[in-house]
Amino acid sequence: MSEETTRPTDAETADAASVADQEARERLLRLRGSIDNLDAALVHLLAERFKCTQQVGELKATHNLPPADPGREATQIARLRRLAEDARLDPAFAEKFLNFIIEEVVRHHRAIADRSGTGES
């Protein structure tokens, strides 16, 4: 057999590439669908979390407690970093994410305290 007869033709190579491209596109669409589902779940989880923290803010305002609790925040950050490590997620990313959420929660707690007249001056 000569080398000519064992090499794929340009058309065969193009067909194989087209099939591979189509399979890659289909896989990409499946992965993106999963990502979209996870994003939706994250939004719903955050909404539930903020419903709870809203109630915490109201409880703090009612009992004239400070909007922020640095001790609790430090404990939660350390806990989340451990969870991230166990899940093979970058702990620094997890900490940044939680700090962002904490800042928003404290901002809400301050707004609740200000509305109730118990805000810090």
# chains A, B, ... in the order shown; residues from 1 in each chain; ligands from 1
call {"tool": "residues_around", "arguments": {"residues": "segment 48-50 of chain A", "least_positions_apart": "3", "cutoff": "12 Å", "atoms": "only C-alpha atoms", "output": "list in words"}}
result
Ala41, Leu42, Val43, His44, Leu45, Thr53, Gln54, Gln55, Val56, Gly57, Leu98, Ile101, Ile102, Glu104, Val105, Val106, Arg107, His108 and His109 of chain A
call {"tool": "write_last_selection", "arguments": {"atoms": "all heavy atoms", "output": "short mmCIF file (atom, residue, chain, number, x, y, z; two decimals), in the first residue's frame"}}
result
data_model
loop_
_atom_site.label_atom_id
_atom_site.label_comp_id
_atom_site.auth_asym_id
_atom_site.auth_seq_id
_atom_site.Cartn_x
_atom_site.Cartn_y
_atom_site.Cartn_z
N ALA A 41 -29.71 28.83 40.48
CA ALA A 41 -29.72 28.31 41.84
C ALA A 41 -29.00 29.25 42.79
O ALA A 41 -29.47 29.50 43.91
CB ALA A 41 -29.10 26.91 41.88
N LEU A 42 -27.86 29.79 42.36
CA LEU A 42 -27.11 30.73 43.20
C LEU A 42 -27.95 31.97 43.52
O LEU A 42 -27.96 32.44 44.66
CB LEU A 42 -25.81 31.15 42.51
CG LEU A 42 -24.70 30.13 42.51
CD1 LEU A 42 -23.56 30.58 41.58
CD2 LEU A 42 -24.17 29.90 43.91
N VAL A 43 -28.65 32.49 42.53
CA VAL A 43 -29.49 33.67 42.75
C VAL A 43 -30.57 33.36 43.77
O VAL A 43 -30.82 34.14 44.70
CB VAL A 43 -30.09 34.18 41.42
CG1 VAL A 43 -31.21 35.18 41.66
CG2 VAL A 43 -28.99 34.80 40.55
N HIS A 44 -31.20 32.20 43.63
CA HIS A 44 -32.26 31.83 44.58
C HIS A 44 -31.69 31.59 45.98
O HIS A 44 -32.32 31.98 46.97
CB HIS A 44 -33.02 30.60 44.07
CG HIS A 44 -33.89 30.91 42.90
ND1 HIS A 44 -35.12 31.52 43.00
CD2 HIS A 44 -33.69 30.70 41.58
CE1 HIS A 44 -35.64 31.70 41.81
NE2 HIS A 44 -34.79 31.20 40.92
N LEU A 45 -30.53 30.98 46.06
CA LEU A 45 -29.89 30.77 47.37
C LEU A 45 -29.53 32.11 48.01
O LEU A 45 -29.74 32.30 49.22
CB LEU A 45 -28.64 29.91 47.23
CG LEU A 45 -28.89 28.43 46.96
CD1 LEU A 45 -27.58 27.73 46.59
CD2 LEU A 45 -29.53 27.77 48.17
N THR A 53 -30.97 37.24 56.56
CA THR A 53 -30.16 38.32 57.13
C THR A 53 -31.00 39.58 57.34
O THR A 53 -30.69 40.38 58.23
CB THR A 53 -28.91 38.63 56.27
OG1 THR A 53 -29.30 39.03 54.97
CG2 THR A 53 -27.99 37.43 56.21
N GLN A 54 -32.06 39.75 56.55
CA GLN A 54 -32.97 40.88 56.75
C GLN A 54 -33.63 40.74 58.12
O GLN A 54 -33.72 41.71 58.88
CB GLN A 54 -34.03 40.89 55.63
CG GLN A 54 -34.93 42.09 55.66
CD GLN A 54 -34.29 43.33 55.10
OE1 GLN A 54 -33.24 43.28 54.47
NE2 GLN A 54 -34.91 44.46 55.33
N GLN A 55 -34.04 39.55 58.45
CA GLN A 55 -34.66 39.30 59.76
C GLN A 55 -33.64 39.51 60.89
O GLN A 55 -33.99 40.04 61.95
CB GLN A 55 -35.24 37.89 59.82
CG GLN A 55 -36.43 37.71 58.91
CD GLN A 55 -36.94 36.29 58.91
OE1 GLN A 55 -36.97 35.64 59.96
NE2 GLN A 55 -37.35 35.80 57.76
N VAL A 56 -32.40 39.10 60.66
CA VAL A 56 -31.34 39.34 61.64
C VAL A 56 -31.17 40.84 61.85
O VAL A 56 -31.07 41.31 62.99
CB VAL A 56 -30.00 38.68 61.21
CG1 VAL A 56 -28.84 39.18 62.07
CG2 VAL A 56 -30.10 37.17 61.26
N GLY A 57 -31.17 41.60 60.77
CA GLY A 57 -31.04 43.05 60.87
C GLY A 57 -32.17 43.68 61.66
O GLY A 57 -31.95 44.59 62.47
N LEU A 98 -17.44 35.95 50.19
CA LEU A 98 -18.14 36.14 51.46
C LEU A 98 -17.99 37.57 51.96
O LEU A 98 -18.96 38.14 52.48
CB LEU A 98 -17.64 35.15 52.51
CG LEU A 98 -18.43 35.17 53.83
CD1 LEU A 98 -19.91 34.88 53.61
CD2 LEU A 98 -17.85 34.20 54.82
N ILE A 101 -20.54 39.66 50.29
CA ILE A 101 -21.88 39.43 50.84
C ILE A 101 -22.00 40.09 52.22
O ILE A 101 -23.01 40.74 52.51
CB ILE A 101 -22.17 37.91 50.93
CG1 ILE A 101 -22.32 37.34 49.51
CG2 ILE A 101 -23.42 37.64 51.76
CD1 ILE A 101 -22.41 35.83 49.46
N ILE A 102 -20.98 39.93 53.05
CA ILE A 102 -21.02 40.53 54.39
C ILE A 102 -21.17 42.04 54.31
O ILE A 102 -21.96 42.64 55.05
CB ILE A 102 -19.77 40.14 55.20
CG1 ILE A 102 -19.82 38.65 55.58
CG2 ILE A 102 -19.62 41.01 56.44
CD1 ILE A 102 -18.51 38.11 56.16
N GLU A 104 -22.58 43.77 52.04
CA GLU A 104 -23.96 44.09 51.64
C GLU A 104 -24.92 43.86 52.81
O GLU A 104 -25.82 44.67 53.04
CB GLU A 104 -24.35 43.23 50.43
CG GLU A 104 -25.66 43.63 49.80
CD GLU A 104 -25.66 45.00 49.16
OE1 GLU A 104 -24.60 45.63 49.01
OE2 GLU A 104 -26.78 45.47 48.81
N VAL A 105 -24.73 42.80 53.54
CA VAL A 105 -25.59 42.51 54.70
C VAL A 105 -25.46 43.63 55.74
O VAL A 105 -26.46 44.13 56.24
CB VAL A 105 -25.23 41.13 55.32
CG1 VAL A 105 -25.88 40.96 56.68
CG2 VAL A 105 -25.65 40.01 54.38
N VAL A 106 -24.24 44.02 56.05
CA VAL A 106 -24.03 45.08 57.05
C VAL A 106 -24.64 46.39 56.57
O VAL A 106 -25.26 47.12 57.36
CB VAL A 106 -22.52 45.24 57.39
CG1 VAL A 106 -22.26 46.47 58.24
CG2 VAL A 106 -22.00 43.99 58.10
N ARG A 107 -24.52 46.66 55.28
CA ARG A 107 -25.15 47.87 54.72
C ARG A 107 -26.66 47.82 54.94
O ARG A 107 -27.28 48.80 55.37
CB ARG A 107 -24.83 47.99 53.23
CG ARG A 107 -25.30 49.30 52.60
CD ARG A 107 -24.94 49.36 51.12
NE ARG A 107 -25.72 48.45 50.31
CZ ARG A 107 -26.99 48.65 49.94
NH1 ARG A 107 -27.64 49.72 50.35
NH2 ARG A 107 -27.61 47.77 49.19
N HIS A 108 -27.27 46.65 54.71
CA HIS A 108 -28.71 46.50 54.95
C HIS A 108 -29.04 46.66 56.43
O HIS A 108 -30.03 47.31 56.77
CB HIS A 108 -29.18 45.12 54.48
CG HIS A 108 -29.22 44.96 53.01
ND1 HIS A 108 -29.67 43.82 52.40
CD2 HIS A 108 -28.87 45.78 52.00
CE1 HIS A 108 -29.59 43.93 51.09
NE2 HIS A 108 -29.09 45.12 50.82
N HIS A 109 -28.21 46.07 57.29
CA HIS A 109 -28.47 46.17 58.73
C HIS A 109 -28.40 47.62 59.20
O HIS A 109 -29.20 48.05 60.03
CB HIS A 109 -27.48 45.31 59.52
CG HIS A 109 -27.74 43.84 59.38
ND1 HIS A 109 -27.02 42.91 60.07
CD2 HIS A 109 -28.62 43.15 58.63
CE1 HIS A 109 -27.46 41.70 59.76
NE2 HIS A 109 -28.43 41.82 58.88
#
call {"tool": "select_by_dssp", "arguments": {"residues": "chain A", "states": "helix (DSSP H, G or I)", "output": "short mmCIF file (atom, residue, chain, number, x, y, z; two decimals) with N, CA and C atoms, in the first residue's frame"}}
result
data_model
loop_
_atom_site.label_atom_id
_atom_site.label_comp_id
_atom_site.auth_asym_id
_atom_site.auth_seq_id
_atom_site.Cartn_x
_atom_site.Cartn_y
_atom_site.Cartn_z
N GLU A 3 1.65 5.34 0.51
CA GLU A 3 1.29 6.36 1.50
C GLU A 3 0.07 7.14 1.06
N GLU A 4 -0.10 7.33 -0.24
CA GLU A 4 -1.23 8.07 -0.78
C GLU A 4 -2.56 7.45 -0.38
N THR A 5 -2.66 6.12 -0.38
CA THR A 5 -3.95 5.48 -0.12
C THR A 5 -4.29 5.41 1.36
N THR A 6 -3.33 5.59 2.25
CA THR A 6 -3.61 5.51 3.69
C THR A 6 -3.88 6.86 4.32
N ASP A 10 -8.50 15.48 1.79
CA ASP A 10 -8.87 16.78 2.35
C ASP A 10 -10.34 16.79 2.75
N ALA A 11 -11.18 16.16 1.95
CA ALA A 11 -12.61 16.11 2.24
C ALA A 11 -12.87 15.30 3.51
N GLU A 12 -12.17 14.17 3.67
CA GLU A 12 -12.34 13.36 4.87
C GLU A 12 -11.86 14.11 6.10
N THR A 13 -10.77 14.82 5.98
CA THR A 13 -10.26 15.62 7.09
C THR A 13 -11.25 16.71 7.46
N ALA A 14 -11.81 17.36 6.43
CA ALA A 14 -12.79 18.42 6.67
C ALA A 14 -14.04 17.85 7.33
N ASP A 15 -14.49 16.66 6.88
CA ASP A 15 -15.68 16.03 7.48
C ASP A 15 -15.42 15.69 8.95
N ALA A 16 -14.25 15.14 9.25
CA ALA A 16 -13.90 14.78 10.62
C ALA A 16 -13.85 16.03 11.49
N ALA A 17 -13.27 17.08 10.97
CA ALA A 17 -13.20 18.34 11.71
C ALA A 17 -14.59 18.91 11.94
N SER A 18 -15.46 18.77 10.95
CA SER A 18 -16.82 19.27 11.07
C SER A 18 -17.58 18.50 12.15
N VAL A 19 -17.41 17.18 12.18
CA VAL A 19 -18.06 16.36 13.21
C VAL A 19 -17.51 16.74 14.59
N ALA A 20 -16.20 16.88 14.70
CA ALA A 20 -15.58 17.27 15.97
C ALA A 20 -16.08 18.64 16.40
N ASP A 21 -16.17 19.57 15.47
CA ASP A 21 -16.66 20.91 15.79
C ASP A 21 -18.10 20.84 16.27
N GLN A 22 -18.93 20.05 15.62
CA GLN A 22 -20.33 19.90 16.00
C GLN A 22 -20.44 19.29 17.40
N GLU A 23 -19.65 18.26 17.68
CA GLU A 23 -19.66 17.64 19.00
C GLU A 23 -19.20 18.64 20.07
N ALA A 24 -18.19 19.43 19.73
CA ALA A 24 -17.71 20.45 20.68
C ALA A 24 -18.79 21.49 20.92
N ARG A 25 -19.49 21.91 19.86
CA ARG A 25 -20.57 22.90 20.03
C ARG A 25 -21.69 22.33 20.90
N GLU A 26 -22.04 21.06 20.67
CA GLU A 26 -23.10 20.44 21.47
C GLU A 26 -22.69 20.31 22.93
N ARG A 27 -21.45 19.94 23.17
CA ARG A 27 -20.95 19.84 24.55
C ARG A 27 -20.94 21.22 25.20
N LEU A 28 -20.50 22.22 24.45
CA LEU A 28 -20.48 23.59 24.97
C LEU A 28 -21.89 24.03 25.36
N LEU A 29 -22.87 23.72 24.53
CA LEU A 29 -24.25 24.09 24.85
C LEU A 29 -24.74 23.38 26.11
N ARG A 30 -24.40 22.09 26.27
CA ARG A 30 -24.80 21.35 27.48
C ARG A 30 -24.13 21.96 28.72
N LEU A 31 -22.85 22.25 28.60
CA LEU A 31 -22.14 22.85 29.74
C LEU A 31 -22.72 24.22 30.09
N ARG A 32 -23.00 25.01 29.08
CA ARG A 32 -23.59 26.34 29.33
C ARG A 32 -24.97 26.22 29.95
N GLY A 33 -25.73 25.21 29.55
CA GLY A 33 -27.04 24.98 30.16
C GLY A 33 -26.89 24.67 31.64
N SER A 34 -25.91 23.85 31.98
CA SER A 34 -25.66 23.55 33.40
C SER A 34 -25.22 24.80 34.15
N ILE A 35 -24.37 25.59 33.54
CA ILE A 35 -23.92 26.84 34.17
C ILE A 35 -25.11 27.76 34.40
N ASP A 36 -26.01 27.86 33.42
CA ASP A 36 -27.20 28.70 33.57
C ASP A 36 -28.06 28.21 34.74
N ASN A 37 -28.21 26.89 34.85
CA ASN A 37 -28.99 26.33 35.96
C ASN A 37 -28.33 26.64 37.30
N LEU A 38 -27.01 26.51 37.37
CA LEU A 38 -26.29 26.81 38.60
C LEU A 38 -26.39 28.30 38.95
N ASP A 39 -26.30 29.16 37.95
CA ASP A 39 -26.45 30.60 38.21
C ASP A 39 -27.83 30.90 38.78
N ALA A 40 -28.86 30.27 38.24
CA ALA A 40 -30.21 30.47 38.75
C ALA A 40 -30.30 29.99 40.20
N ALA A 41 -29.71 28.83 40.48
CA ALA A 41 -29.72 28.31 41.84
C ALA A 41 -29.00 29.25 42.79
N LEU A 42 -27.86 29.79 42.36
CA LEU A 42 -27.11 30.73 43.20
C LEU A 42 -27.95 31.97 43.52
N VAL A 43 -28.65 32.49 42.53
CA VAL A 43 -29.49 33.67 42.75
C VAL A 43 -30.57 33.36 43.77
N HIS A 44 -31.20 32.20 43.63
CA HIS A 44 -32.26 31.83 44.58
C HIS A 44 -31.69 31.59 45.98
N LEU A 45 -30.53 30.98 46.06
CA LEU A 45 -29.89 30.77 47.37
C LEU A 45 -29.53 32.11 48.01
N LEU A 46 -29.00 33.02 47.23
CA LEU A 46 -28.68 34.35 47.78
C LEU A 46 -29.94 35.07 48.23
N ALA A 47 -31.01 34.94 47.47
CA ALA A 47 -32.27 35.58 47.87
C ALA A 47 -32.74 35.02 49.22
N GLU A 48 -32.66 33.71 49.40
CA GLU A 48 -33.05 33.10 50.68
C GLU A 48 -32.13 33.57 51.80
N ARG A 49 -30.85 33.65 51.51
CA ARG A 49 -29.89 34.09 52.51
C ARG A 49 -30.21 35.52 52.96
N PHE A 50 -30.51 36.39 51.99
CA PHE A 50 -30.80 37.78 52.33
C PHE A 50 -32.14 37.93 53.04
N LYS A 51 -33.08 37.02 52.81
CA LYS A 51 -34.32 37.04 53.59
C LYS A 51 -34.01 36.80 55.06
N CYS A 52 -33.11 35.85 55.31
CA CYS A 52 -32.71 35.55 56.70
C CYS A 52 -31.93 36.71 57.31
N THR A 53 -30.97 37.24 56.56
CA THR A 53 -30.16 38.32 57.13
C THR A 53 -31.00 39.58 57.34
N GLN A 54 -32.06 39.75 56.55
CA GLN A 54 -32.97 40.88 56.75
C GLN A 54 -33.63 40.74 58.12
N GLN A 55 -34.04 39.55 58.45
CA GLN A 55 -34.66 39.30 59.76
C GLN A 55 -33.64 39.51 60.89
N VAL A 56 -32.40 39.10 60.66
CA VAL A 56 -31.34 39.34 61.64
C VAL A 56 -31.17 40.84 61.85
N GLY A 57 -31.17 41.60 60.77
CA GLY A 57 -31.04 43.05 60.87
C GLY A 57 -32.17 43.68 61.66
N GLU A 58 -33.37 43.19 61.44
CA GLU A 58 -34.52 43.72 62.18
C GLU A 58 -34.42 43.36 63.66
N LEU A 59 -33.98 42.14 63.95
CA LEU A 59 -33.79 41.72 65.34
C LEU A 59 -32.71 42.56 66.02
N LYS A 60 -31.62 42.80 65.32
CA LYS A 60 -30.55 43.63 65.88
C LYS A 60 -31.05 45.05 66.15
N ALA A 61 -31.80 45.60 65.20
CA ALA A 61 -32.30 46.97 65.39
C ALA A 61 -33.26 47.03 66.57
N THR A 62 -34.13 46.04 66.68
CA THR A 62 -35.11 46.00 67.78
C THR A 62 -34.42 45.95 69.14
N PRO A 70 -17.92 41.73 63.96
CA PRO A 70 -16.63 41.32 63.42
C PRO A 70 -16.18 39.93 63.87
N GLY A 71 -16.50 39.53 65.08
CA GLY A 71 -16.13 38.19 65.56
C GLY A 71 -16.84 37.10 64.76
N ARG A 72 -18.13 37.27 64.58
CA ARG A 72 -18.92 36.32 63.79
C ARG A 72 -18.41 36.29 62.34
N GLU A 73 -18.12 37.47 61.80
CA GLU A 73 -17.65 37.54 60.41
C GLU A 73 -16.32 36.79 60.25
N ALA A 74 -15.40 36.98 61.19
CA ALA A 74 -14.10 36.30 61.12
C ALA A 74 -14.28 34.79 61.21
N THR A 75 -15.18 34.35 62.08
CA THR A 75 -15.45 32.92 62.22
C THR A 75 -16.03 32.35 60.93
N GLN A 76 -16.95 33.08 60.34
CA GLN A 76 -17.58 32.62 59.10
C GLN A 76 -16.58 32.57 57.95
N ILE A 77 -15.71 33.56 57.88
CA ILE A 77 -14.70 33.58 56.81
C ILE A 77 -13.76 32.39 56.96
N ALA A 78 -13.31 32.11 58.17
CA ALA A 78 -12.43 30.96 58.39
C ALA A 78 -13.16 29.67 58.04
N ARG A 79 -14.42 29.57 58.42
CA ARG A 79 -15.22 28.38 58.12
C ARG A 79 -15.36 28.21 56.60
N LEU A 80 -15.67 29.30 55.92
CA LEU A 80 -15.86 29.23 54.47
C LEU A 80 -14.56 28.88 53.75
N ARG A 81 -13.45 29.39 54.25
CA ARG A 81 -12.15 29.04 53.65
C ARG A 81 -11.89 27.54 53.77
N ARG A 82 -12.23 26.95 54.94
CA ARG A 82 -12.05 25.50 55.11
C ARG A 82 -12.96 24.74 54.15
N LEU A 83 -14.21 25.17 54.05
CA LEU A 83 -15.14 24.53 53.13
C LEU A 83 -14.64 24.62 51.69
N ALA A 84 -14.11 25.77 51.33
CA ALA A 84 -13.59 25.96 49.97
C ALA A 84 -12.43 25.01 49.71
N GLU A 85 -11.53 24.91 50.68
CA GLU A 85 -10.39 23.99 50.52
C GLU A 85 -10.87 22.56 50.32
N ASP A 86 -11.85 22.15 51.13
CA ASP A 86 -12.40 20.79 51.01
C ASP A 86 -13.05 20.57 49.65
N PRO A 91 -9.60 29.22 48.26
CA PRO A 91 -10.09 29.84 49.50
C PRO A 91 -10.06 31.37 49.44
N ALA A 92 -9.11 31.94 48.73
CA ALA A 92 -9.05 33.40 48.61
C ALA A 92 -10.28 33.92 47.86
N PHE A 93 -10.68 33.19 46.83
CA PHE A 93 -11.89 33.57 46.08
C PHE A 93 -13.10 33.46 46.99
N ALA A 94 -13.20 32.37 47.74
CA ALA A 94 -14.34 32.18 48.64
C ALA A 94 -14.40 33.30 49.67
N GLU A 95 -13.24 33.70 50.18
CA GLU A 95 -13.20 34.79 51.16
C GLU A 95 -13.66 36.10 50.53
N LYS A 96 -13.18 36.40 49.34
CA LYS A 96 -13.62 37.63 48.65
C LYS A 96 -15.13 37.62 48.44
N PHE A 97 -15.65 36.48 48.04
CA PHE A 97 -17.09 36.35 47.81
C PHE A 97 -17.86 36.59 49.10
N LEU A 98 -17.44 35.95 50.19
CA LEU A 98 -18.14 36.14 51.46
C LEU A 98 -17.99 37.57 51.96
N ASN A 99 -16.82 38.17 51.81
CA ASN A 99 -16.65 39.57 52.23
C ASN A 99 -17.61 40.49 51.48
N PHE A 100 -17.80 40.22 50.19
CA PHE A 100 -18.75 41.02 49.40
C PHE A 100 -20.16 40.88 49.97
N ILE A 101 -20.54 39.66 50.29
CA ILE A 101 -21.88 39.43 50.84
C ILE A 101 -22.00 40.09 52.22
N ILE A 102 -20.98 39.93 53.05
CA ILE A 102 -21.02 40.53 54.39
C ILE A 102 -21.17 42.04 54.31
N GLU A 103 -20.42 42.67 53.42
CA GLU A 103 -20.53 44.13 53.26
C GLU A 103 -21.96 44.53 52.92
N GLU A 104 -22.58 43.77 52.04
CA GLU A 104 -23.96 44.09 51.64
C GLU A 104 -24.92 43.86 52.81
N VAL A 105 -24.73 42.80 53.54
CA VAL A 105 -25.59 42.51 54.70
C VAL A 105 -25.46 43.63 55.74
N VAL A 106 -24.24 44.02 56.05
CA VAL A 106 -24.03 45.08 57.05
C VAL A 106 -24.64 46.39 56.57
N ARG A 107 -24.52 46.66 55.28
CA ARG A 107 -25.15 47.87 54.72
C ARG A 107 -26.66 47.82 54.94
N HIS A 108 -27.27 46.65 54.71
CA HIS A 108 -28.71 46.50 54.95
C HIS A 108 -29.04 46.66 56.43
N HIS A 109 -28.21 46.07 57.29
CA HIS A 109 -28.47 46.17 58.73
C HIS A 109 -28.40 47.62 59.20
N ARG A 110 -27.44 48.37 58.66
CA ARG A 110 -27.34 49.80 59.02
C ARG A 110 -28.59 50.56 58.55
N ALA A 111 -29.05 50.25 57.34
CA ALA A 111 -30.24 50.91 56.82
C ALA A 111 -31.45 50.58 57.68
N ILE A 112 -31.59 49.35 58.12
CA ILE A 112 -32.70 48.95 58.99
C ILE A 112 -32.59 49.70 60.32
N ALA A 113 -31.39 49.78 60.88
CA ALA A 113 -31.20 50.48 62.16
C ALA A 113 -31.52 51.96 62.00
N ASP A 114 -31.10 52.54 60.87
CA ASP A 114 -31.39 53.97 60.65
C ASP A 114 -32.90 54.22 60.54
N ARG A 115 -33.61 53.32 59.87
CA ARG A 115 -35.07 53.47 59.73
C ARG A 115 -35.77 53.31 61.08
N SER A 116 -35.21 52.47 61.93
CA SER A 116 -35.86 52.22 63.23
C SER A 116 -35.41 53.21 64.30
#
call {"tool": "decode", "arguments": {"residues": "segment 44-59 of chain A", "atoms": "N, CA and C atoms", "output": "short mmCIF file (atom, residue, chain, number, x, y, z; two decimals), in the first residue's frame"}}
result
data_model
loop_
_atom_site.label_atom_id
_atom_site.label_comp_id
_atom_site.auth_asym_id
_atom_site.auth_seq_id
_atom_site.Cartn_x
_atom_site.Cartn_y
_atom_site.Cartn_z
N HIS A 44 -31.20 32.20 43.63
CA HIS A 44 -32.26 31.83 44.58
C HIS A 44 -31.69 31.59 45.98
N LEU A 45 -30.53 30.98 46.06
CA LEU A 45 -29.89 30.77 47.37
C LEU A 45 -29.53 32.11 48.01
N LEU A 46 -29.00 33.02 47.23
CA LEU A 46 -28.68 34.35 47.78
C LEU A 46 -29.94 35.07 48.23
N ALA A 47 -31.01 34.94 47.47
CA ALA A 47 -32.27 35.58 47.87
C ALA A 47 -32.74 35.02 49.22
N GLU A 48 -32.66 33.71 49.40
CA GLU A 48 -33.05 33.10 50.68
C GLU A 48 -32.13 33.57 51.80
N ARG A 49 -30.85 33.65 51.51
CA ARG A 49 -29.89 34.09 52.51
C ARG A 49 -30.21 35.52 52.96
N PHE A 50 -30.51 36.39 51.99
CA PHE A 50 -30.80 37.78 52.33
C PHE A 50 -32.14 37.93 53.04
N LYS A 51 -33.08 37.02 52.81
CA LYS A 51 -34.32 37.04 53.59
C LYS A 51 -34.01 36.80 55.06
N CYS A 52 -33.11 35.85 55.31
CA CYS A 52 -32.71 35.55 56.70
C CYS A 52 -31.93 36.71 57.31
N THR A 53 -30.97 37.24 56.56
CA THR A 53 -30.16 38.32 57.13
C THR A 53 -31.00 39.58 57.34
N GLN A 54 -32.06 39.75 56.55
CA GLN A 54 -32.97 40.88 56.75
C GLN A 54 -33.63 40.74 58.12
N GLN A 55 -34.04 39.55 58.45
CA GLN A 55 -34.66 39.30 59.76
C GLN A 55 -33.64 39.51 60.89
N VAL A 56 -32.40 39.10 60.66
CA VAL A 56 -31.34 39.34 61.64
C VAL A 56 -31.17 40.84 61.85
N GLY A 57 -31.17 41.60 60.77
CA GLY A 57 -31.04 43.05 60.87
C GLY A 57 -32.17 43.68 61.66
N GLU A 58 -33.37 43.19 61.44
CA GLU A 58 -34.52 43.72 62.18
C GLU A 58 -34.42 43.36 63.66
N LEU A 59 -33.98 42.14 63.95
CA LEU A 59 -33.79 41.72 65.34
C LEU A 59 -32.71 42.56 66.02
#
